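To start, the structure under review is shown below, and the notes come after it.
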Amino acid sequence: MADKDKLVPRSEDFNEWYNAVVLKADLADYGPVRGTMIVKPYGWTLWENIQAALDKRFKATGVQNAGFPMFIPMSFLQKEAAHVEGFAPELAVVTIGGGQELAEPIVVRPTSETMIGHAYANWIQSYRDLPILLNLWNSVVRWELRTKLFLRTLEFYWQEGHTAHATAAEAEERTRLMLEVYADFAINEAAVPVIRGVKSEAERFAGANETLTIEAMMGDGKALQSGTSHNLGQNFAKAFDIQYLDPNNQLQYCWTTSWGLSTRFIGAIIMTHGDDQGLILPPRLAPYQTVIVPIYKKEEEKTAVLAATARIKAELEDAGIRVHVDDRENLTPGYKFNDWELRGVPSRIEIGPRDVEKHSVALARRDVPGRDGKQFVSQDGLAQTVTDLLADIQQSLLDRATQFRDANTHDVSSYDDFKEAIQSGFARVWWAGSREDEQRVKEETKATIRCFPLDQPGGSGICFYTGQPADKIAIFGRAY
RNA sequence: CGGGGCGUAGCUCAGUUUGGUAGAGCGCUCGGUUUGGGUCCGAGAGGUCGUCGGUUCAAAUCCGGCCGCCCCGACCA
């Protein structure tokens, strides 16, 4: 193997490794406009599997999908003060349409709260119209200064849920429920362990009363906000006049929520599970759960091997396993092994003449790279063997990532220990600081409050930064 | 927008110092060979050297303007 064919090892240069993996694993490519991304079929299939897992969960809570325009009147953005302030710097604005200067500039949606607010104001008259539970699968545009494939691009794909409720309690319940949906998805589908928490004032969504987040730790110890759920209170209801008559014939403002998870999550999967060999995809989301590499020399071997391959492929597919046969003629098996390991396929089946003879296959697991992860198993009951293996890999990935996160999360009480902790991971601390204090910590250490975990230990302690009595724990980290 | 680096074949880059017919490896096409951890041999296709202008008999190479990309900061799902 020539060195130049190799991937930059993750352990050597995490940043370079990430860029190379995205491109070489065939997930995505750069678009022609700076900061834009082309999602290739392999990456899009992964996204489709993410969509399916989320969509099923959304609908189970009563949510329906809808489509909303990507063009928003500029005036809508300006109706909610905090919202416009938050998004103004990163808006893409259309000023010409059909060759004519437009009377009012049109904004390409950076998110749809305002458009939703406009529609809900029209749709809602009575408490009988509530709640409204909608979700949009779309893309949004934010003119970011510094971009990175999947993690931050000018345009990205996501879902944005928008609900309207009669009471504050209901909106709060929905905000928490959707956070729980995200956490369940992340942990059980993507094998990405996440911390559920509340964002600090500084990190809160522009226009929200409260932003909930799931935070994950990447393989380099940095944090990635992987999904968010906002309680918007009555801010947008008041800005857009979303009102209803309650049973007592009193006019009331609605309480709204919004929640989103984007293709950024693909970045989370890459950076949580990947290794020096490349990508490792969680079996439940992987486009291909197993790839079959047929091996043969002579023509009669080829016939027998391909016959066995076709039979095994059919058996696995019948068992609901997503199978791909790599029958490319011009490449050696060794090349294919490396190729599929780079692309993160969770398991691999090799079928050669010896296997045909012994009614066996070589079965490799991606989470244990190289020959070590390979075993010879019988073709009898292979679908079950593979199903069990995939479940085992799914669990192992979650266990490994959880252990890594916990091993790199440190309870600290002094600023010196804090600075040390955030070099390699998260610092868990008592916090009583102000927004300005958080800003100073950021300037001094590059670490920010990722969240105040919902799961608080209780009791009280001394703030590591201000020395004041504190009643809550915060997770600090350097973030993407 | 500040600091740094770079634009030469699909990709990674050499060639620029000292101006003189456009190069290598990988990839791609064709033929053969090989195939249980990145086969080997041969033949071939492929480039207005980012762009505009200047100097010169002659510019990838020297000079100037512009454009673009990457990395580091400020901003962010």
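Lettering and numbering for the structure tokens are positional, with chains as A, B, ... in the shown order, residues counted from 1 in each chain, and ligands counted from 1 in the shown order.
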
Can you work out which residues from chain B touch chain A at a cut-off of 8 Å (counting only C-alpha atoms (C1' of nucleotides)) and hand them back as a list in words? U35, G36, G37, G38, U39, C75, C76 and A77 of chain B

Residues from the last selection, N, CA, C and O atoms (P, O5', C5', C4', C3', O3' and C1' of nucleotides), saved as a PDB file, in the first residue's frame:
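Final output, result_18.pdb:
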ATOM      1  P     U B  35      -3.836 -14.464  -8.100  1.00  0.00           P
ATOM      2  O5'   U B  35      -4.790 -13.513  -7.252  1.00  0.00           O
ATOM      3  C5'   U B  35      -4.231 -12.565  -6.337  1.00  0.00           C
ATOM      4  C4'   U B  35      -5.294 -11.577  -5.941  1.00  0.00           C
ATOM      5  C3'   U B  35      -6.382 -12.162  -5.036  1.00  0.00           C
ATOM      6  O3'   U B  35      -6.787 -11.190  -4.094  1.00  0.00           O
ATOM      7  C1'   U B  35      -7.353 -11.284  -6.989  1.00  0.00           C
ATOM      8  P     G B  36      -5.893 -10.975  -2.768  1.00  0.00           P
ATOM      9  O5'   G B  36      -6.956 -10.830  -1.601  1.00  0.00           O
ATOM     10  C5'   G B  36      -7.816 -11.904  -1.289  1.00  0.00           C
ATOM     11  C4'   G B  36      -7.825 -12.126   0.189  1.00  0.00           C
ATOM     12  C3'   G B  36      -6.511 -12.675   0.760  1.00  0.00           C
ATOM     13  O3'   G B  36      -6.325 -12.118   2.043  1.00  0.00           O
ATOM     14  C1'   G B  36      -8.251 -14.215   1.124  1.00  0.00           C
ATOM     15  P     G B  37      -5.180 -11.031   2.248  1.00  0.00           P
ATOM     16  O5'   G B  37      -6.016  -9.694   1.894  1.00  0.00           O
ATOM     17  C5'   G B  37      -5.630  -8.889   0.767  1.00  0.00           C
ATOM     18  C4'   G B  37      -5.204  -7.514   1.251  1.00  0.00           C
ATOM     19  C3'   G B  37      -3.906  -7.492   2.056  1.00  0.00           C
ATOM     20  O3'   G B  37      -3.252  -6.247   1.849  1.00  0.00           O
ATOM     21  C1'   G B  37      -5.662  -6.759   3.412  1.00  0.00           C
ATOM     22  P     G B  38      -2.558  -6.012   0.340  1.00  0.00           P
ATOM     23  O5'   G B  38      -3.721  -5.293  -0.468  1.00  0.00           O
ATOM     24  C5'   G B  38      -4.300  -4.101   0.009  1.00  0.00           C
ATOM     25  C4'   G B  38      -4.662  -3.196  -1.145  1.00  0.00           C
ATOM     26  C3'   G B  38      -3.499  -2.768  -2.022  1.00  0.00           C
ATOM     27  O3'   G B  38      -4.032  -2.536  -3.326  1.00  0.00           O
ATOM     28  C1'   G B  38      -4.466  -0.868  -1.006  1.00  0.00           C
ATOM     29  P     U B  39      -4.084  -3.703  -4.396  1.00  0.00           P
ATOM     30  O5'   U B  39      -2.571  -4.116  -4.650  1.00  0.00           O
ATOM     31  C5'   U B  39      -1.901  -3.660  -5.778  1.00  0.00           C
ATOM     32  C4'   U B  39      -1.139  -4.820  -6.337  1.00  0.00           C
ATOM     33  C3'   U B  39      -0.288  -4.455  -7.527  1.00  0.00           C
ATOM     34  O3'   U B  39       0.967  -3.923  -7.101  1.00  0.00           O
ATOM     35  C1'   U B  39      -1.511  -6.428  -7.983  1.00  0.00           C
ATOM     36  P     C B  75     -17.247  36.596  18.653  1.00  0.00           P
ATOM     37  O5'   C B  75     -18.172  36.493  17.372  1.00  0.00           O
ATOM     38  C5'   C B  75     -19.067  37.530  17.027  1.00  0.00           C
ATOM     39  C4'   C B  75     -19.953  37.071  15.903  1.00  0.00           C
ATOM     40  C3'   C B  75     -20.745  35.803  16.187  1.00  0.00           C
ATOM     41  O3'   C B  75     -21.945  36.073  16.887  1.00  0.00           O
ATOM     42  C1'   C B  75     -19.675  35.603  14.095  1.00  0.00           C
ATOM     43  P     C B  76     -22.704  34.847  17.634  1.00  0.00           P
ATOM     44  O5'   C B  76     -23.264  34.050  16.380  1.00  0.00           O
ATOM     45  C5'   C B  76     -24.244  33.058  16.544  1.00  0.00           C
ATOM     46  C4'   C B  76     -24.265  32.144  15.358  1.00  0.00           C
ATOM     47  C3'   C B  76     -24.371  30.666  15.703  1.00  0.00           C
ATOM     48  O3'   C B  76     -25.717  30.279  15.867  1.00  0.00           O
ATOM     49  C1'   C B  76     -22.599  30.997  14.155  1.00  0.00           C
ATOM     50  P     A B  77     -26.118  28.995  16.856  1.00  0.00           P
ATOM     51  O5'   A B  77     -26.896  28.030  15.868  1.00  0.00           O
ATOM     52  C5'   A B  77     -28.176  27.581  16.243  1.00  0.00           C
ATOM     53  C4'   A B  77     -28.251  26.135  15.857  1.00  0.00           C
ATOM     54  C3'   A B  77     -26.984  25.396  16.278  1.00  0.00           C
ATOM     55  O3'   A B  77     -27.231  24.272  17.023  1.00  0.00           O
ATOM     56  C1'   A B  77     -27.422  25.161  13.925  1.00  0.00           C
TER      57        A B  77
END

Using the chain letters and numbers from this document, which residues of stretch 85-320 of chain A does DSSP assign to alpha helix (DSSP H), as a PyMOL selection string? chain A and resi 85-87+113-123+168-188+235-240+264-273+299-318

Shell of 9 Å around A:Ser126, only C-alpha atoms (C1' of nucleotides), local chain residues under 4 positions omitted, as a short mmCIF file (atom, residue, chain, number, x, y, z; two decimals) with N, CA and C atoms, in the first residue's frame:
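File produced: result-v6.cif:
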data_model
loop_
_atom_site.label_atom_id
_atom_site.label_comp_id
_atom_site.auth_asym_id
_atom_site.auth_seq_id
_atom_site.Cartn_x
_atom_site.Cartn_y
_atom_site.Cartn_z
N LEU A 130 -56.33 24.61 18.69
CA LEU A 130 -55.02 24.30 19.28
C LEU A 130 -54.99 22.89 19.86
N GLN A 243 -53.47 34.85 18.25
CA GLN A 243 -54.37 34.92 19.40
C GLN A 243 -55.55 33.97 19.22
N TYR A 244 -56.09 33.56 20.34
CA TYR A 244 -57.27 32.68 20.28
C TYR A 244 -58.25 33.08 21.38
N LEU A 245 -59.50 32.70 21.18
CA LEU A 245 -60.51 32.91 22.22
C LEU A 245 -60.58 31.67 23.09
N ASP A 246 -60.41 31.87 24.38
CA ASP A 246 -60.47 30.73 25.30
C ASP A 246 -61.93 30.41 25.62
N PRO A 247 -62.15 29.33 26.38
CA PRO A 247 -63.54 28.91 26.66
C PRO A 247 -64.35 30.00 27.35
N LEU A 251 -59.73 36.80 24.83
CA LEU A 251 -58.67 36.74 23.82
C LEU A 251 -57.33 36.49 24.51
#

For A:Gly161, work out the shell of residues within 7 Å, counting only C-alpha atoms (C1' of nucleotides) and skipping chain neighbours fewer than 4 positions away, then give it as a PyMOL selection string. chain A and resi 134-136+258-260

Create the file for the chosen residues now, containing N, CA and C atoms and written as an mmCIF file, in the first residue's frame.
data_model
loop_
_atom_site.group_PDB
_atom_site.id
_atom_site.type_symbol
_atom_site.label_atom_id
_atom_site.label_comp_id
_atom_site.auth_asym_id
_atom_site.auth_seq_id
_atom_site.Cartn_x
_atom_site.Cartn_y
_atom_site.Cartn_z
ATOM 1 N N LEU A 134 -46.728 21.286 13.664
ATOM 2 C CA LEU A 134 -46.213 21.103 12.300
ATOM 3 C C LEU A 134 -44.703 20.921 12.288
ATOM 4 N N ASN A 135 -44.261 20.226 11.257
ATOM 5 C CA ASN A 135 -42.823 20.097 11.020
ATOM 6 C C ASN A 135 -42.537 20.349 9.547
ATOM 7 N N LEU A 136 -41.405 20.995 9.278
ATOM 8 C CA LEU A 136 -40.974 21.255 7.902
ATOM 9 C C LEU A 136 -39.632 20.566 7.651
ATOM 10 N N SER A 258 -40.339 25.896 18.913
ATOM 11 C CA SER A 258 -39.719 25.421 17.670
ATOM 12 C C SER A 258 -38.537 24.539 18.044
ATOM 13 N N TRP A 259 -38.215 23.635 17.123
ATOM 14 C CA TRP A 259 -37.160 22.654 17.423
ATOM 15 C C TRP A 259 -36.569 22.153 16.122
ATOM 16 N N GLY A 260 -35.255 21.932 16.121
ATOM 17 C CA GLY A 260 -34.592 21.580 14.869
ATOM 18 C C GLY A 260 -33.399 20.661 15.045
#

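For the pair atom CA of A:Lys40 and atom CA of A:Ala216, the interatomic distance is 25.1 Å.
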
Selection near A:Val141, 7 Å with only C-alpha atoms (C1' of nucleotides), sequence-local residues under 6 positions removed, as number ranges by chain: A: 92, 108-110, 154-156

Those same residues - C-alpha atoms - I'd like them written as a PDB file, in the first residue's frame.
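Result file is selection.pdb:
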ATOM      1  CA  ALA A  92     -29.210  36.394   2.278  1.00  0.00           C
ATOM      2  CA  VAL A 108     -34.145  33.688   2.019  1.00  0.00           C
ATOM      3  CA  ARG A 109     -35.322  31.925   5.183  1.00  0.00           C
ATOM      4  CA  PRO A 110     -32.687  31.490   7.852  1.00  0.00           C
ATOM      5  CA  LEU A 154     -24.302  28.649   3.848  1.00  0.00           C
ATOM      6  CA  GLU A 155     -27.242  26.410   3.112  1.00  0.00           C
ATOM      7  CA  PHE A 156     -28.060  23.347   5.176  1.00  0.00           C
TER       8      PHE A 156
END
